[in-house]
Each structure stands twice: as C-alpha cells, then as structure tokens.
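Student: Below is the file final.pdb, which contains PDB, C-alpha atoms.
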MODEL        1
ATOM      1  CA  MET H   1       0.000   0.000   0.000  1.00  0.00           C
ATOM      2  CA  LYS H   2       1.281   3.443  -0.887  1.00  0.00           C
ATOM      3  CA  PRO H   3       2.077   6.007   1.827  1.00  0.00           C
ATOM      4  CA  ALA H   4      -0.686   8.322   0.586  1.00  0.00           C
ATOM      5  CA  GLU H   5      -3.225   5.517   0.986  1.00  0.00           C
ATOM      6  CA  LEU H   6      -1.930   4.720   4.456  1.00  0.00           C
ATOM      7  CA  ARG H   7      -2.120   8.409   5.410  1.00  0.00           C
ATOM      8  CA  THR H   8      -5.748   8.512   4.300  1.00  0.00           C
ATOM      9  CA  ILE H   9      -6.535   5.475   6.435  1.00  0.00           C
ATOM     10  CA  VAL H  10      -4.770   6.900   9.504  1.00  0.00           C
ATOM     11  CA  ILE H  11      -6.709  10.156   9.090  1.00  0.00           C
ATOM     12  CA  GLU H  12      -9.990   8.251   8.713  1.00  0.00           C
ATOM     13  CA  GLU H  13      -9.317   6.383  11.952  1.00  0.00           C
ATOM     14  CA  ILE H  14      -8.428   9.593  13.811  1.00  0.00           C
ATOM     15  CA  GLU H  15     -11.680  11.136  12.580  1.00  0.00           C
ATOM     16  CA  GLU H  16     -13.588   8.116  13.923  1.00  0.00           C
ATOM     17  CA  ILE H  17     -11.937   8.484  17.326  1.00  0.00           C
ATOM     18  CA  ALA H  18     -12.248  12.267  17.502  1.00  0.00           C
ATOM     19  CA  PRO H  19     -14.905  13.416  15.027  1.00  0.00           C
ATOM     20  CA  ASP H  20     -14.602  17.056  16.059  1.00  0.00           C
ATOM     21  CA  VAL H  21     -10.981  17.408  14.870  1.00  0.00           C
ATOM     22  CA  ALA H  22      -9.479  18.054  11.432  1.00  0.00           C
ATOM     23  CA  PRO H  23      -6.417  15.789  11.132  1.00  0.00           C
ATOM     24  CA  VAL H  24      -6.028  16.459   7.424  1.00  0.00           C
ATOM     25  CA  SER H  25      -4.915  19.983   8.309  1.00  0.00           C
ATOM     26  CA  ILE H  26      -1.814  18.969  10.272  1.00  0.00           C
ATOM     27  CA  GLY H  27       1.623  18.023   9.020  1.00  0.00           C
ATOM     28  CA  ASP H  28       2.904  14.488   8.986  1.00  0.00           C
ATOM     29  CA  HIS H  29       5.407  15.164  11.757  1.00  0.00           C
ATOM     30  CA  GLU H  30       3.253  17.224  14.110  1.00  0.00           C
ATOM     31  CA  ASP H  31       2.344  15.596  17.396  1.00  0.00           C
ATOM     32  CA  VAL H  32      -1.369  14.774  17.094  1.00  0.00           C
ATOM     33  CA  ARG H  33      -1.735  14.991  20.869  1.00  0.00           C
ATOM     34  CA  GLU H  34      -0.863  18.677  20.757  1.00  0.00           C
ATOM     35  CA  ALA H  35      -2.198  19.628  17.328  1.00  0.00           C
ATOM     36  CA  LEU H  36      -5.545  17.875  17.754  1.00  0.00           C
ATOM     37  CA  ASP H  37      -5.803  17.824  21.545  1.00  0.00           C
ATOM     38  CA  LEU H  38      -5.799  14.016  21.697  1.00  0.00           C
ATOM     39  CA  ASP H  39      -4.891  12.173  24.870  1.00  0.00           C
ATOM     40  CA  SER H  40      -3.129   8.877  25.497  1.00  0.00           C
ATOM     41  CA  MET H  41      -6.437   6.968  25.382  1.00  0.00           C
ATOM     42  CA  ASP H  42      -7.110   8.416  21.934  1.00  0.00           C
ATOM     43  CA  ILE H  43      -3.696   7.171  20.772  1.00  0.00           C
ATOM     44  CA  PHE H  44      -4.454   3.759  22.275  1.00  0.00           C
ATOM     45  CA  ASN H  45      -7.778   3.717  20.411  1.00  0.00           C
ATOM     46  CA  LEU H  46      -6.028   4.721  17.184  1.00  0.00           C
ATOM     47  CA  ILE H  47      -3.566   1.858  17.553  1.00  0.00           C
ATOM     48  CA  ALA H  48      -6.411  -0.568  18.314  1.00  0.00           C
ATOM     49  CA  ALA H  49      -8.360   0.641  15.270  1.00  0.00           C
ATOM     50  CA  LEU H  50      -5.338   0.273  12.996  1.00  0.00           C
ATOM     51  CA  HIS H  51      -4.660  -3.170  14.457  1.00  0.00           C
ATOM     52  CA  ALA H  52      -8.223  -4.184  13.597  1.00  0.00           C
ATOM     53  CA  ARG H  53      -8.112  -2.624  10.157  1.00  0.00           C
ATOM     54  CA  PHE H  54      -4.793  -4.155   9.096  1.00  0.00           C
ATOM     55  CA  GLY H  55      -4.773  -7.307  11.217  1.00  0.00           C
ATOM     56  CA  VAL H  56      -1.258  -6.569  12.423  1.00  0.00           C
ATOM     57  CA  ASP H  57      -0.068  -6.580  16.014  1.00  0.00           C
ATOM     58  CA  ILE H  58       1.336  -3.227  17.041  1.00  0.00           C
ATOM     59  CA  PRO H  59       3.644  -3.689  20.035  1.00  0.00           C
ATOM     60  CA  ASP H  60       3.704  -1.249  22.938  1.00  0.00           C
ATOM     61  CA  ALA H  61       7.257  -0.318  21.955  1.00  0.00           C
ATOM     62  CA  ALA H  62       5.933   1.069  18.659  1.00  0.00           C
ATOM     63  CA  ALA H  63       3.252   3.258  20.263  1.00  0.00           C
ATOM     64  CA  ALA H  64       5.488   6.332  20.272  1.00  0.00           C
ATOM     65  CA  GLN H  65       5.506   6.302  16.468  1.00  0.00           C
ATOM     66  CA  PHE H  66       1.740   6.692  16.371  1.00  0.00           C
ATOM     67  CA  VAL H  67       1.743  10.179  17.883  1.00  0.00           C
ATOM     68  CA  THR H  68       2.426  11.587  14.417  1.00  0.00           C
ATOM     69  CA  ILE H  69       0.622  10.728  11.217  1.00  0.00           C
ATOM     70  CA  GLY H  70       3.957  10.280   9.446  1.00  0.00           C
ATOM     71  CA  GLY H  71       5.205   7.937  12.155  1.00  0.00           C
ATOM     72  CA  ALA H  72       2.065   5.832  11.894  1.00  0.00           C
ATOM     73  CA  VAL H  73       2.330   5.727   8.107  1.00  0.00           C
ATOM     74  CA  ASP H  74       6.013   4.739   8.248  1.00  0.00           C
ATOM     75  CA  TRP H  75       5.364   1.973  10.782  1.00  0.00           C
ATOM     76  CA  LEU H  76       2.421   0.603   8.832  1.00  0.00           C
ATOM     77  CA  ALA H  77       4.365   0.748   5.553  1.00  0.00           C
ATOM     78  CA  ASP H  78       7.079  -1.376   7.154  1.00  0.00           C
ATOM     79  CA  HIS H  79       4.841  -3.858   8.991  1.00  0.00           C
ATOM     80  CA  ALA H  80       1.273  -4.008   7.695  1.00  0.00           C
ATOM     81  CA  GLU H  81       1.952  -5.895   4.497  1.00  0.00           C
ATOM     82  CA  ARG H  82       4.137  -8.614   5.885  1.00  0.00           C
TER      83      ARG H  82
ENDMDL
END
Can the structure from this file be put into structure tokens for me?
Tutor:
Amino acid sequence: MKPAELRTIVIEEIEEIAPDVAPVSIGDHEDVREALDLDSMDIFNLIAALHARFGVDIPDAAAAQFVTIGGAVDWLADHAER
C-alpha cells in the first residue's frame, strides 16, 4: 500500500476516534496529541483501530511512532503488508 493511501486510512481512523478534529490539516510530523488535543487513550484507540483494520499486532514499543501521522504511516508501511 502506498504512503498516501496509508495516510488517508490513519486520518480516517483519527476522525472516527475524535470526530470534532481536522487531522487532514496537520503536518505528517506534528504531534497529534498537541495539534488535535488528543490524549493517550485516543492514541491507544487509534492503535487498536489500525490493528483491527490491518490485522497486524502493534507492540507497545511502537506506540510512540503513532503520535504523528507520518510515524504511523512509516510503521504501517514497514509492517502491515508482511
């Protein structure tokens, strides 16, 4: 899957978790916790949603990558299609 497609999916999942935010307006390397006022439970829910969507286990050690859209896209690009 191409990075642009993965980015779209990550944004869709953020919008499901926090429908009152506009994740498409932030940069790939901005911290979504600060830019979108998400908390750690929102990040957990994002990881769980991406796990369900891609069927890939996302270890706790990788959670830090999911605080940016670019980090999530990079991790998924490396692991989701294995």
Student: To one decimal place, how far is CA of Ser25 in chain H from CA of Ala62 in chain H in Å?
Tutor: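 So the answer is 24.1 Å.
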Student: To one decimal place, how far is CA of Glu12 in chain H from CA of Asp57 in chain H in Å?
Tutor: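 So the answer is 19.3 Å.
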Student: Output the residue selection produced by the PyMOL selection byres ((chain H and resi 27-39) around 8) on the file above, formatted as an MDAnalysis selection string.
Tutor: chainID H and resid 18 21:26 40:43 67:71
Student: Enter the distance from CA of Ile58 in chain H to CA of Val10 in chain H, in Å, rounded to one decimal.
Tutor: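 CA of Val10 in chain H lies 14.0 Å from CA of Ile58 in chain H.
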Student: Spell out the residues picked by the PyMOL selection byres ((chain H and resi 2) around 12) here, as a PyMOL selection string.
Tutor: chain H and resi 1+3-9+73-74+76-78+80-81
Student: Pick from H:Asp20, H:Glu13, H:Phe44, H:Trp75: nearest to Val56 in chain H, with only C-alpha atoms counted?
Tutor: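 With only C-alpha atoms as the atom set, the closest residue is H:Trp75.
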Student: Around all the atoms of range 8-18 of chain H listed in the file, draw an axis-aligned box and extend it by 6 Å on each of the six sides; I want its centre and edge lengths in Å to one decimal, as lines of an AutoDock Vina configuration file.
Tutor:
center_x = -9.2
center_y = 8.9
center_z = 10.9
size_x = 20.8
size_y = 18.8
size_z = 25.2
Student: Taking only C-alpha atoms into account, which of H:Ala48, H:Phe66, H:Phe54, H:Ala72 comes nearest Ile17 in chain H?
Tutor: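 Of all the options, H:Ala48 lies closest to Ile17 in chain H.
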